[in-house]
>>> print(open('input27.txt').read())   # compact mmCIF, C-alpha atoms
# COMPACT_ATOMS: atom_id res chain seq x y z
CA MET A 23 22.56 9.95 -2.90
CA ASP A 24 23.56 6.32 -2.38
CA ALA A 25 22.11 3.37 -4.31
CA LYS A 26 19.53 2.57 -1.64
CA ALA A 27 18.29 6.15 -1.40
CA GLU A 28 18.20 6.47 -5.19
CA LYS A 29 16.11 3.32 -5.55
CA ILE A 30 13.61 4.60 -2.99
CA ALA A 31 13.50 8.04 -4.62
CA LEU A 32 12.87 6.55 -8.08
CA PHE A 33 10.07 4.39 -6.68
CA ARG A 34 8.42 7.39 -5.06
CA TYR A 35 8.75 9.41 -8.26
CA GLY A 36 7.06 6.61 -10.21
CA LEU A 37 4.06 6.89 -7.90
CA VAL A 38 3.67 10.68 -7.80
CA ALA A 39 4.65 11.49 -11.39
CA THR A 40 0.99 11.64 -12.44
CA LEU A 41 0.44 14.21 -9.68
CA VAL A 42 3.32 16.55 -10.50
CA LEU A 43 3.82 16.47 -14.27
CA GLU A 44 0.51 18.19 -15.00
CA LYS A 45 -1.24 21.16 -13.43
CA LEU A 46 -4.27 19.63 -11.76
CA PRO A 47 -7.21 21.09 -9.83
CA ARG A 48 -7.27 20.16 -6.16
CA GLY A 49 -10.16 17.75 -6.64
CA GLU A 50 -8.49 15.89 -9.51
CA LEU A 51 -5.24 15.74 -7.54
CA ILE A 52 -6.98 14.11 -4.57
CA ARG A 53 -8.86 11.70 -6.86
CA ARG A 54 -5.68 10.50 -8.54
CA ALA A 55 -3.93 10.12 -5.19
CA ARG A 56 -6.80 7.98 -3.91
CA GLU A 57 -6.61 5.77 -7.00
CA LEU A 58 -2.89 5.27 -6.42
CA ALA A 59 -3.49 4.42 -2.77
CA GLU A 60 -5.86 1.61 -3.73
CA HIS A 61 -3.12 -0.52 -5.31
CA GLU A 62 -0.40 -2.66 -3.80
CA TYR A 63 3.27 -2.06 -4.60
CA ASP A 64 6.62 -3.71 -4.06
CA ILE A 65 8.02 -0.94 -1.88
CA PRO A 66 11.84 -1.04 -1.79
CA PHE A 67 13.33 -2.00 1.58
CA SER A 68 9.90 -2.21 3.20
CA ASP A 69 7.38 -4.89 4.12
CA ARG A 70 4.48 -2.56 3.43
CA ARG A 71 2.44 -2.99 0.29
CA ARG A 72 0.42 0.23 0.18
CA VAL A 73 0.95 3.99 0.37
CA CYS A 74 -1.68 6.29 1.85
CA VAL A 75 -3.07 9.42 0.22
CA ASP A 76 -1.39 11.87 2.60
CA THR A 77 2.01 10.34 1.94
CA LEU A 78 1.51 10.58 -1.83
CA LEU A 79 0.56 14.25 -1.57
CA HIS A 80 3.53 14.91 0.71
CA TRP A 81 5.91 13.28 -1.80
CA ALA A 82 4.40 15.36 -4.61
CA VAL A 83 5.11 18.58 -2.67
CA ARG A 84 8.67 17.47 -1.96
CA TYR A 85 9.31 16.71 -5.65
CA ARG A 86 7.98 20.11 -6.75
CA THR A 87 10.23 21.92 -4.31
CA GLY A 88 13.40 19.85 -4.46
CA GLY A 89 13.22 17.50 -7.42
CA LEU A 90 14.34 13.87 -7.29
CA GLU A 91 16.81 14.49 -4.44
CA ALA A 92 13.96 15.59 -2.17
CA LEU A 93 12.28 12.18 -2.55
CA ALA A 94 15.20 10.39 -0.92
CA PRO A 95 14.38 9.14 2.58
CA GLN A 96 15.01 11.62 5.38
CA PRO A 97 16.08 10.59 8.90
CA ARG A 98 13.13 10.29 11.26
CA SER A 99 12.71 12.98 13.88
CA ASP A 100 11.64 10.35 16.43
CA ARG A 101 14.56 8.02 15.85
CA GLY A 102 15.43 6.13 19.00
CA LYS A 103 12.04 6.77 20.61
CA PRO A 104 9.46 4.03 21.20
CA ARG A 105 6.56 3.91 18.75
CA VAL A 106 3.01 2.86 19.43
CA ILE A 107 2.61 0.33 16.61
CA SER A 108 5.48 -2.08 16.12
CA PRO A 109 5.99 -3.80 12.74
CA PRO A 110 4.68 -7.20 14.00
CA LEU A 111 1.58 -5.52 15.41
CA ALA A 112 1.02 -3.60 12.17
CA GLN A 113 1.24 -6.82 10.15
CA LEU A 114 -1.23 -8.54 12.47
CA ILE A 115 -3.74 -5.68 12.20
CA GLU A 116 -3.47 -5.66 8.41
CA ARG A 117 -3.98 -9.44 8.20
CA LEU A 118 -7.03 -9.31 10.46
CA LYS A 119 -8.60 -6.47 8.51
CA ARG A 120 -7.97 -8.06 5.12
CA GLU A 121 -9.35 -11.41 6.28
CA ASN A 122 -12.63 -9.69 7.11
CA PRO A 123 -13.01 -6.08 5.89
CA HIS A 124 -16.26 -5.83 7.89
CA ARG A 125 -14.35 -5.97 11.19
CA ASN A 126 -14.81 -2.64 12.93
CA GLY A 127 -12.34 -0.95 15.23
CA THR A 128 -14.00 -2.14 18.43
CA THR A 129 -13.89 -5.78 17.35
CA LEU A 130 -10.24 -5.45 16.33
CA LEU A 131 -9.26 -3.98 19.70
CA ARG A 132 -11.05 -6.79 21.55
CA GLU A 133 -9.33 -9.45 19.46
CA LEU A 134 -5.93 -7.81 19.95
CA ALA A 135 -6.53 -7.68 23.70
CA LEU A 136 -7.39 -11.40 23.82
CA VAL A 137 -4.18 -12.42 22.04
CA SER A 138 -1.91 -10.04 23.96
CA GLU A 139 0.20 -11.23 26.90
CA ASN A 140 -1.25 -8.83 29.48
CA GLY A 141 -4.84 -9.04 28.26
CA ALA A 142 -5.01 -5.33 27.32
CA ALA A 143 -5.28 -3.70 23.91
CA PRO A 144 -1.79 -2.69 22.71
CA LEU A 145 -2.96 0.65 21.29
CA SER A 146 -5.74 3.17 21.64
CA GLU A 147 -8.84 3.40 19.48
CA SER A 148 -7.68 6.66 17.84
CA SER A 149 -4.26 5.19 16.97
CA LEU A 150 -5.95 2.18 15.40
CA TYR A 151 -8.24 4.30 13.24
CA ARG A 152 -5.34 6.50 12.09
CA PHE A 153 -3.38 3.39 11.16
CA LEU A 154 -6.26 1.87 9.17
CA LYS A 155 -6.93 5.09 7.30
CA SER A 156 -3.29 5.81 6.49
CA HIS A 157 -2.68 2.29 5.19
CA GLY A 158 -5.82 2.06 3.06
CA LEU A 159 -7.40 -0.56 5.30
CA THR A 160 -10.80 1.00 5.79
CA LYS A 161 -13.89 -0.98 4.84
CA ARG A 162 -14.70 1.29 1.91
CA GLU A 163 -11.20 1.07 0.44
CA LEU A 164 -10.92 -2.70 0.85
CA LEU A 165 -14.29 -3.43 -0.73
CA THR A 166 -13.95 -1.04 -3.66
CA LYS A 167 -13.16 -2.83 -6.91
CA THR A 168 -11.49 -1.19 -9.86
CA GLY A 169 -12.02 -2.33 -13.45
CA PHE A 170 -10.27 -1.72 -16.74
CA LYS A 171 -11.56 1.10 -18.91
CA LYS A 172 -10.63 2.16 -22.40
CA PHE A 173 -8.32 5.14 -22.25
CA GLU A 174 -7.66 7.74 -24.91
CA ALA A 175 -5.11 10.51 -24.54
CA GLU A 176 -6.68 13.94 -24.52
CA TYR A 177 -3.89 15.74 -26.33
CA ALA A 178 -0.63 15.00 -28.12
CA ASN A 179 2.44 13.99 -26.08
CA GLN A 180 0.29 13.07 -23.12
CA ILE A 181 0.98 9.37 -23.70
CA TRP A 182 3.65 7.68 -25.77
CA GLN A 183 3.80 3.94 -26.40
CA SER A 184 6.97 2.02 -27.21
CA ASP A 185 7.54 -1.53 -28.40
CA VAL A 186 9.80 -3.69 -30.57
CA MET A 187 8.98 -5.53 -33.80
CA TYR A 188 11.11 -8.20 -35.46
CA GLY A 189 12.26 -6.91 -38.83
CA PRO A 190 13.79 -8.50 -41.94
CA TYR A 191 17.26 -9.96 -42.18
CA VAL A 192 19.97 -7.62 -43.48
CA GLU A 193 23.63 -8.04 -44.40
CA ARG A 194 26.35 -7.81 -41.80
CA GLU A 195 29.34 -5.59 -42.35
CA GLY A 196 31.72 -8.54 -42.04
CA GLY A 197 29.61 -10.91 -44.09
CA GLY A 198 26.56 -13.02 -43.45
CA LYS A 199 23.13 -11.84 -42.35
CA ARG A 200 21.50 -10.73 -39.14
CA GLN A 201 17.98 -9.91 -38.07
CA SER A 202 16.87 -6.32 -37.63
CA PHE A 203 14.54 -4.95 -34.97
CA LEU A 204 12.17 -2.00 -35.36
CA LEU A 205 12.03 0.15 -32.23
CA ALA A 206 9.19 2.65 -32.48
CA ILE A 207 7.52 5.23 -30.26
CA LEU A 208 3.91 6.18 -30.99
CA ASP A 209 1.91 9.16 -29.74
CA ASP A 210 -1.41 7.89 -28.36
CA ALA A 211 -3.58 10.88 -29.30
CA SER A 212 -2.34 11.48 -32.87
CA ARG A 213 -0.82 8.06 -33.83
CA LEU A 214 2.23 10.04 -34.96
CA ILE A 215 5.61 8.32 -34.67
CA PRO A 216 8.04 10.66 -32.84
CA HIS A 217 10.80 8.30 -33.88
CA GLY A 218 11.12 4.82 -35.33
CA GLN A 219 14.23 3.04 -36.53
CA PHE A 220 15.54 -0.42 -37.37
CA TYR A 221 18.43 -1.49 -35.14
CA ALA A 222 20.82 -4.42 -35.13
CA ASP A 223 19.63 -5.48 -31.67
CA GLN A 224 16.95 -4.76 -29.10
CA ALA A 225 19.34 -3.73 -26.35
CA LEU A 226 18.93 -0.86 -23.91
CA GLU A 227 21.32 1.34 -25.89
CA SER A 228 19.05 1.10 -28.94
CA LEU A 229 15.97 1.97 -26.90
CA LEU A 230 17.63 5.03 -25.34
CA ASP A 231 18.86 6.21 -28.74
CA CYS A 232 15.30 5.93 -30.11
CA LEU A 233 13.85 7.79 -27.12
CA ARG A 234 16.48 10.52 -27.31
CA GLN A 235 15.78 11.18 -30.99
CA ALA A 236 12.02 11.16 -30.31
CA ILE A 237 12.35 13.81 -27.58
CA SER A 238 14.65 15.89 -29.75
CA ALA A 239 12.17 15.82 -32.64
CA ARG A 240 8.76 15.99 -30.88
CA GLY A 241 9.24 17.21 -27.32
CA VAL A 242 8.81 15.53 -23.94
CA PRO A 243 5.87 13.21 -23.20
CA VAL A 244 4.05 13.00 -19.90
CA ARG A 245 3.84 9.19 -19.84
CA LEU A 246 5.64 6.41 -21.66
CA TYR A 247 3.77 3.09 -21.81
CA VAL A 248 6.05 0.05 -22.19
CA ASP A 249 5.89 -3.65 -21.45
CA ASN A 250 7.78 -5.60 -18.80
CA GLY A 251 10.83 -6.44 -20.91
CA LYS A 252 14.29 -6.30 -19.37
CA ILE A 253 15.32 -3.12 -21.19
CA TYR A 254 12.20 -1.31 -19.98
CA ARG A 255 12.93 -2.26 -16.36
CA SER A 256 16.48 -0.89 -16.34
CA ARG A 257 17.71 1.57 -13.73
CA GLN A 258 19.12 3.79 -16.48
CA LEU A 259 15.68 4.27 -18.06
CA GLU A 260 14.15 5.03 -14.64
CA ARG A 261 16.80 7.66 -13.92
CA ILE A 262 16.41 9.30 -17.33
CA GLY A 263 12.63 9.40 -16.96
CA ALA A 264 12.91 11.03 -13.55
CA SER A 265 15.50 13.55 -14.77
CA VAL A 266 13.55 14.58 -17.88
CA GLY A 267 10.13 14.38 -16.21
CA ILE A 268 8.58 11.28 -17.84
CA LEU A 269 6.44 8.73 -16.03
CA ILE A 270 7.42 5.22 -17.13
CA VAL A 271 4.30 3.00 -17.01
CA HIS A 272 4.64 -0.78 -17.33
CA THR A 273 1.63 -2.70 -18.59
CA PRO A 274 0.75 -5.80 -16.52
CA PRO A 275 2.14 -9.12 -17.83
CA TYR A 276 -0.06 -10.86 -20.40
CA GLN A 277 -2.31 -7.79 -20.60
CA PRO A 278 -1.30 -5.88 -23.75
CA GLU A 279 -4.48 -3.75 -23.81
CA GLY A 280 -2.50 -0.56 -23.29
CA ARG A 281 -0.28 -1.13 -26.35
CA GLY A 282 -2.95 -1.85 -28.95
CA LYS A 283 -2.25 1.26 -31.03
CA ILE A 284 1.43 0.54 -31.56
CA GLU A 285 0.65 -3.09 -32.40
CA ARG A 286 -1.69 -1.75 -35.08
CA PHE A 287 1.11 0.45 -36.38
CA PHE A 288 3.43 -2.56 -36.64
CA ARG A 289 0.77 -4.30 -38.67
CA THR A 290 0.66 -1.30 -41.02
CA VAL A 291 4.46 -1.43 -41.35
CA ARG A 292 4.34 -5.08 -42.37
CA GLU A 293 1.47 -4.66 -44.83
CA GLN A 294 2.39 -1.36 -46.45
CA PHE A 295 6.16 -0.98 -46.06
CA LEU A 296 7.91 -4.32 -45.62
CA ALA A 297 5.66 -6.04 -48.17
CA SER A 298 6.84 -3.54 -50.81
CA VAL A 299 10.56 -3.51 -49.97
CA ASP A 300 12.77 -4.53 -52.89
CA ARG A 301 15.31 -6.94 -51.44
CA GLU A 302 17.63 -6.39 -54.40
CA HIS A 303 18.15 -2.74 -53.40
CA VAL A 304 17.67 -3.01 -49.64
CA ARG A 305 20.59 -5.03 -48.34
CA THR A 306 22.00 -3.25 -45.30
CA LEU A 307 20.50 -1.68 -42.19
CA ASP A 308 21.20 1.80 -43.54
CA ASP A 309 19.33 1.00 -46.76
CA LEU A 310 16.34 -0.21 -44.77
CA ASN A 311 16.24 2.84 -42.46
CA ALA A 312 16.63 5.32 -45.31
CA ARG A 313 13.55 3.96 -47.07
CA PHE A 314 11.60 3.56 -43.82
CA GLN A 315 12.06 7.24 -42.92
CA VAL A 316 10.85 8.31 -46.39
CA TRP A 317 7.76 6.12 -46.09
CA LEU A 318 7.09 7.33 -42.53
CA ASP A 319 7.33 11.06 -43.33
CA SER A 320 5.71 11.11 -46.76
CA VAL A 321 3.07 8.38 -46.46
CA TYR A 322 2.15 7.34 -42.92
CA HIS A 323 2.20 10.82 -41.32
CA ARG A 324 0.37 12.46 -44.23
CA GLU A 325 -2.37 9.96 -45.03
CA LYS A 326 -5.77 10.18 -43.38
CA HIS A 327 -6.08 7.88 -40.38
CA GLY A 328 -9.36 5.98 -40.12
CA ALA A 329 -9.75 6.48 -36.35
CA LEU A 330 -8.83 10.18 -36.45
CA GLU A 331 -10.59 11.48 -39.58
CA THR A 332 -7.38 13.43 -40.23
CA THR A 333 -3.67 12.75 -40.73
CA PRO A 334 -1.42 11.93 -37.76
CA LEU A 335 0.73 14.99 -38.47
CA GLN A 336 -2.24 17.38 -38.53
CA ARG A 337 -3.66 15.85 -35.36
CA TRP A 338 -0.33 16.26 -33.58
CA GLN A 339 0.08 19.86 -34.75
CA ARG A 340 -3.39 20.72 -33.43
CA ASP A 341 -2.07 20.36 -29.85
CA ILE A 342 1.20 22.15 -30.40
CA GLU A 343 0.57 24.45 -27.42
CA HIS A 344 0.49 21.42 -25.10
CA ILE A 345 3.87 20.12 -26.26
CA ARG A 346 6.45 20.33 -23.49
CA GLN A 347 9.94 21.14 -24.73
CA LEU A 348 13.22 21.05 -22.89
CA ARG A 349 14.97 24.32 -22.16
CA PRO A 350 17.25 25.50 -24.96
CA SER A 351 20.23 25.29 -22.61
CA THR A 352 19.54 21.62 -21.80
CA ASP A 353 22.16 19.16 -23.00
CA LEU A 354 19.91 16.29 -24.07
CA ARG A 355 22.84 14.03 -24.81
CA ARG A 356 24.15 14.42 -21.27
CA LEU A 357 20.75 13.59 -19.78
CA PHE A 358 20.99 10.16 -21.45
CA PHE A 359 24.43 9.39 -20.03
CA TYR A 360 24.86 6.07 -18.25
CA ARG A 361 25.87 6.29 -14.60
CA LEU A 362 27.90 3.46 -13.11
CA ASP A 363 29.81 3.09 -9.84
CA ARG A 364 33.36 1.84 -10.28
CA LEU A 365 36.33 1.18 -8.00
CA VAL A 366 39.59 2.68 -9.32
CA ARG A 367 42.33 0.05 -9.21
CA ARG A 368 45.81 0.56 -7.77
CA ASP A 369 47.14 1.18 -11.29
CA SER A 370 44.62 4.08 -11.66
CA THR A 371 42.36 2.22 -14.10
CA PHE A 372 38.75 1.06 -13.99
CA LEU A 373 36.76 -1.36 -16.15
CA VAL A 374 33.61 -0.48 -18.10
CA HIS A 375 32.06 -2.86 -20.65
CA ARG A 376 35.23 -5.00 -20.87
CA ARG A 377 37.42 -1.99 -21.53
CA PHE A 378 39.92 -0.28 -19.23
CA TYR A 379 39.99 3.49 -18.75
CA GLU A 380 42.56 5.68 -17.01
CA ALA A 381 41.73 7.78 -13.96
CA PRO A 382 43.88 10.37 -12.15
CA PRO A 383 46.42 8.74 -9.79
CA HIS A 384 44.99 10.38 -6.67
CA LEU A 385 41.73 8.43 -7.17
CA ALA A 386 43.40 5.02 -6.86
CA GLY A 387 41.49 2.91 -4.36
CA ARG A 388 38.50 5.26 -4.39
CA ARG A 389 34.96 4.48 -5.57
CA VAL A 390 33.80 6.93 -8.24
CA GLU A 391 30.74 7.46 -10.43
CA VAL A 392 31.36 7.16 -14.17
CA ARG A 393 29.04 8.92 -16.63
CA PHE A 394 29.22 8.33 -20.37
CA ASP A 395 27.28 8.20 -23.62
CA PRO A 396 26.55 4.49 -24.30
CA LEU A 397 26.59 5.12 -28.06
CA ASP A 398 30.01 6.82 -27.93
CA PRO A 399 31.93 5.48 -24.91
CA ILE A 400 35.26 7.04 -25.84
CA GLU A 401 35.31 9.58 -23.03
CA MET A 402 34.13 8.94 -19.48
CA GLU A 403 33.26 11.64 -16.99
CA ILE A 404 34.58 10.80 -13.52
CA HIS A 405 32.53 12.18 -10.63
CA PHE A 406 33.80 11.93 -7.07
CA GLU A 407 31.68 13.03 -4.10
CA GLY A 408 29.17 14.61 -6.50
CA GLN A 409 31.73 16.71 -8.39
CA LEU A 410 33.19 16.30 -11.88
CA VAL A 411 36.91 15.78 -11.28
CA ALA A 412 38.31 14.40 -14.54
CA THR A 413 37.65 12.89 -17.97
CA ALA A 414 38.92 9.37 -18.62
CA ARG A 415 39.98 7.85 -21.91
CA PRO A 416 40.71 4.22 -22.86
CA VAL A 417 44.03 2.83 -21.67
CA ASP A 418 46.79 2.79 -24.29
CA ALA A 419 49.26 0.24 -22.91
CA ILE A 420 51.87 0.90 -25.62
CA VAL A 421 52.02 4.64 -24.90
CA ASN A 422 52.05 4.03 -21.14
CA ALA A 423 55.07 1.73 -21.50
CA GLN A 424 57.07 4.64 -22.94
CA LEU A 425 56.16 7.11 -20.19
CA PRO A 426 58.04 7.48 -16.90
CA PRO A 427 56.16 6.35 -13.79
CA THR A 428 54.08 9.01 -12.12
CA PRO A 429 55.64 9.93 -8.76
CA LYS A 430 53.39 9.56 -5.78
CA LEU A 431 52.56 12.87 -4.19
CA GLN A 432 53.82 13.04 -0.61
CA PRO A 433 52.14 15.37 1.86
CA GLN A 434 54.22 18.33 2.91
CA SER A 435 55.57 17.95 6.44
CA GLY A 436 56.40 20.92 8.67
CA ALA A 437 59.20 21.35 11.19
CA PRO A 438 59.78 18.46 13.66
CA THR A 439 57.51 18.61 16.71
CA GLY A 440 60.10 17.32 19.17
CA ILE A 441 57.46 15.17 20.85
CA ASN A 442 58.51 11.65 21.88
CA TYR A 443 56.38 9.33 23.97
CA VAL A 444 59.22 7.72 25.99
CA GLU A 445 60.98 11.03 26.69
CA LEU A 446 57.72 12.57 27.82
CA LEU A 447 57.21 9.72 30.32
CA GLN A 448 60.72 10.20 31.70
CA GLU A 449 60.24 13.93 32.07
CA HIS A 450 56.89 13.41 33.77
CA GLU A 451 58.43 10.94 36.25
CA ARG A 452 61.17 13.40 37.17
CA SER A 453 58.75 16.28 37.76
CA GLU A 454 56.51 14.12 39.97
CA SER A 455 59.31 12.66 42.14
CA LYS A 456 61.21 15.84 43.14
CA PRO A 457 58.76 17.62 45.48
CA ASP A 458 57.04 14.55 46.94
CA ARG A 459 59.89 12.15 47.74
CA VAL A 460 61.16 12.35 51.45
CA GLN A 461 64.81 11.44 52.25
CA PRO A 462 65.63 9.08 55.20
CA SER A 463 67.97 11.67 56.82
CA GLN A 464 65.03 14.05 57.13
CA LYS A 465 63.09 11.43 59.15
CA GLU A 466 65.98 10.78 61.63
CA GLY A 467 66.56 14.47 62.30
CA GLY A 468 63.02 15.09 63.40
CA ASP A 469 61.71 15.88 66.86
CA VAL A 470 61.91 13.14 69.57
>>> encode(input="input27.txt", output="structure tokens")
Amino acid sequence: MDAKAEKIALFRYGLVATLVLEKLPRGELIRRARELAEHEYDIPFSDRRRVCVDTLLHWAVRYRTGGLEALAPQPRSDRGKPRVISPPLAQLIERLKRENPHRNGTTLLRELALVSENGAAPLSESSLYRFLKSHGLTKRELLTKTGFKKFEAEYANQIWQSDVMYGPYVEREGGGKRQSFLLAILDDASRLIPHGQFYADQALESLLDCLRQAISARGVPVRLYVDNGKIYRSRQLERIGASVGILIVHTPPYQPEGRGKIERFFRTVREQFLASVDREHVRTLDDLNARFQVWLDSVYHREKHGALETTPLQRWQRDIEHIRQLRPSTDLRRLFFYRLDRLVRRDSTFLVHRRFYEAPPHLAGRRVEVRFDPLDPIEMEIHFEGQLVATARPVDAIVNAQLPPTPKLQPQSGAPTGINYVELLQEHERSESKPDRVQPSQKEGGDV
């Protein structure tokens, strides 16, 4: 799957995840698909802004049968054949319908006929109605307004929320101080914290480490609500969500209504934990995290929550049968590997995060996919044409200087063919001239 196909597949998964991650009755499935079809989207490599219900259901079936690979675009069966509705005509129809949703099909056809060159409607009435229905341009769909409603998860691990809080300053290993950042993940139904930890930064690597530990400790969520920060919009997070089976939901900008519970948790951390931290004993990041985990497990998870009338831990354990776990054979660490495309240089090295790694000599000049753990980038898996071919380690220039050069493998050649272009031309000329050429003596000796 190339980068373009992967981007399209991840976009399609983001739309249909709510349809495939839970077992839904047919009616609920259709209702959710209609809700998705009401919104506009930035569709990759397309000028369209909406997706119809039938397409959403078709993508859901393809994901269930073939996973993420099945959502990649397939070549059209009618490629090269003329189509009834061209892209300019489709855009014109959509603009006319959105300008006045009360326009019916007959009026649209008359208007299209008046602006056409030959004075005739460019498509039939049935084609127009199919187009309007498939693109969500019917009167009912255009005039229906959706409002915000308060949402509460029905059971544990149905919705997780994640956010970052600025923490206190701690000592650096080399001297001085630096600010810490609390990355936390909260379960919407129980208010339990699957994992929370203070990090030295708020980079993507820290977020993925927090999410990986949360899944390892509390199972796999259905949805993960995050904001529109750069780390939450990364391709790596999208790929991990699609591989594990998590729908990544981004709250609209300047509308933090969906993250109110985790903001309330951060307030509790400031008032009950950070306000009581003894700065004489808590100096480093490890000191801070050690005390935070004790407070989280022994106080926050075990005290009665005002909105739940029970403790977060008891509320989470009540829905234990709904918790989705990964298979025991699943390598969770490998699922969180970064995947980057790299070109192997002529000296059989490639660059990742300002560090050179060695690749097998036969891959020089080839483009490969590198997979690695961002928290431990010592070894890199090299994949070529979808297959694992080698493991790369950082370049050691001193050791390489003491090794003999690697001989270039030459292909084995068989016995000489004996074929030569010039000699073949000469032989061909000789064979053509012998039977056809007539000597002058033969002409003189003929009949008078």
>>> residues_around(input="input27.txt", residues="stretch 283-298 of chain A", least_positions_apart="2", cutoff="10 Å", atoms="only C-alpha atoms", output="ChimeraX atom specification")
/A:182-190,204,206-211,213-215,278-281,300-301,310,313-314,317-318,321-322
>>> residues_around(input="input27.txt", residues="A:Pro216", least_positions_apart="4", cutoff="12 Å", atoms="only C-alpha atoms", output="PyMOL selection string")
chain A and resi 178-179+181-184+205-210+212+232-243+315+318-319+323+334-335+338
>>> closest_residue(input="input27.txt", among="A:Ala142, A:Val299, A:Val83, A:Leu159", to="A:Leu118", atoms="all atoms listed in the file")
A:Leu159
>>> closest_residue(input="input27.txt", among="A:Glu391, A:Glu62, A:Glu116, A:Asp341", to="A:Val411", atoms="all atoms listed in the file")
A:Glu391
>>> atom_distance(input="input27.txt", atom1="atom CA of A:Ile262", atom2="atom CA of A:Glu60")
27.2 Å
>>> atom_distance(input="input27.txt", atom1="atom CA of A:Phe153", atom2="atom CA of A:Ala39")
25.3 Å
>>> residues_around(input="input27.txt", residues="stretch 372-383 of chain A", least_positions_apart="2", cutoff="7 Å", atoms="all atoms listed in the file", output="ChimeraX atom specification")
/A:364-367,370,385-386,414-417
>>> atom_distance(input="input27.txt", atom1="atom CA of A:Arg72", atom2="atom CA of A:Ser156")
9.2 Å
>>> residues_around(input="input27.txt", residues="A:Pro110", least_positions_apart="4", cutoff="12 Å", atoms="only C-alpha atoms", output="MDAnalysis selection string")
chainID A and resid 69:70 106 114:117 144
>>> residues_around(input="input27.txt", residues="A:Lys45", least_positions_apart="6", cutoff="12 Å", atoms="all atoms listed in the file", output="ChimeraX atom specification")
/A:39,51,82,86,244,344
>>> closest_residue(input="input27.txt", among="A:Ala59, A:Leu357, A:Leu43, A:Leu130", to="A:Arg245", atoms="all atoms listed in the file")
A:Leu43
>>> closest_residue(input="input27.txt", among="A:Val271, A:Asn311, A:Val392, A:Leu447", to="A:Phe220", atoms="only C-alpha atoms")
A:Asn311
>>> build_atoms(input="input27.txt", residues="stretch 360-371 of chain A", atoms="N, CA and C atoms", output="mmCIF file, in the coordinates of the input")
data_model
loop_
_atom_site.group_PDB
_atom_site.id
_atom_site.type_symbol
_atom_site.label_atom_id
_atom_site.label_comp_id
_atom_site.auth_asym_id
_atom_site.auth_seq_id
_atom_site.Cartn_x
_atom_site.Cartn_y
_atom_site.Cartn_z
ATOM 1 N N TYR A 360 24.872 7.142 -19.241
ATOM 2 C CA TYR A 360 24.860 6.070 -18.250
ATOM 3 C C TYR A 360 25.582 6.555 -16.999
ATOM 4 N N ARG A 361 25.181 6.008 -15.857
ATOM 5 C CA ARG A 361 25.870 6.290 -14.600
ATOM 6 C C ARG A 361 26.172 4.971 -13.910
ATOM 7 N N LEU A 362 27.459 4.706 -13.723
ATOM 8 C CA LEU A 362 27.900 3.460 -13.110
ATOM 9 C C LEU A 362 28.904 3.758 -12.002
ATOM 10 N N ASP A 363 28.837 2.986 -10.918
ATOM 11 C CA ASP A 363 29.810 3.090 -9.840
ATOM 12 C C ASP A 363 30.963 2.135 -10.129
ATOM 13 N N ARG A 364 32.176 2.647 -10.016
ATOM 14 C CA ARG A 364 33.360 1.840 -10.280
ATOM 15 C C ARG A 364 34.428 2.115 -9.223
ATOM 16 N N LEU A 365 35.205 1.063 -8.910
ATOM 17 C CA LEU A 365 36.330 1.180 -8.000
ATOM 18 C C LEU A 365 37.606 1.340 -8.817
ATOM 19 N N VAL A 366 38.342 2.430 -8.588
ATOM 20 C CA VAL A 366 39.590 2.680 -9.320
ATOM 21 C C VAL A 366 40.669 1.763 -8.748
ATOM 22 N N ARG A 367 41.309 1.000 -9.633
ATOM 23 C CA ARG A 367 42.330 0.050 -9.210
ATOM 24 C C ARG A 367 43.611 0.760 -8.794
ATOM 25 N N ARG A 368 44.542 -0.019 -8.248
ATOM 26 C CA ARG A 368 45.810 0.560 -7.770
ATOM 27 C C ARG A 368 46.633 1.150 -8.906
ATOM 28 N N ASP A 369 46.418 0.618 -10.141
ATOM 29 C CA ASP A 369 47.140 1.180 -11.290
ATOM 30 C C ASP A 369 46.378 2.339 -11.932
ATOM 31 N N SER A 370 45.393 2.908 -11.211
ATOM 32 C CA SER A 370 44.620 4.080 -11.660
ATOM 33 C C SER A 370 43.775 3.780 -12.886
ATOM 34 N N THR A 371 43.247 2.579 -12.995
ATOM 35 C CA THR A 371 42.360 2.220 -14.100
ATOM 36 C C THR A 371 41.050 1.665 -13.533
#
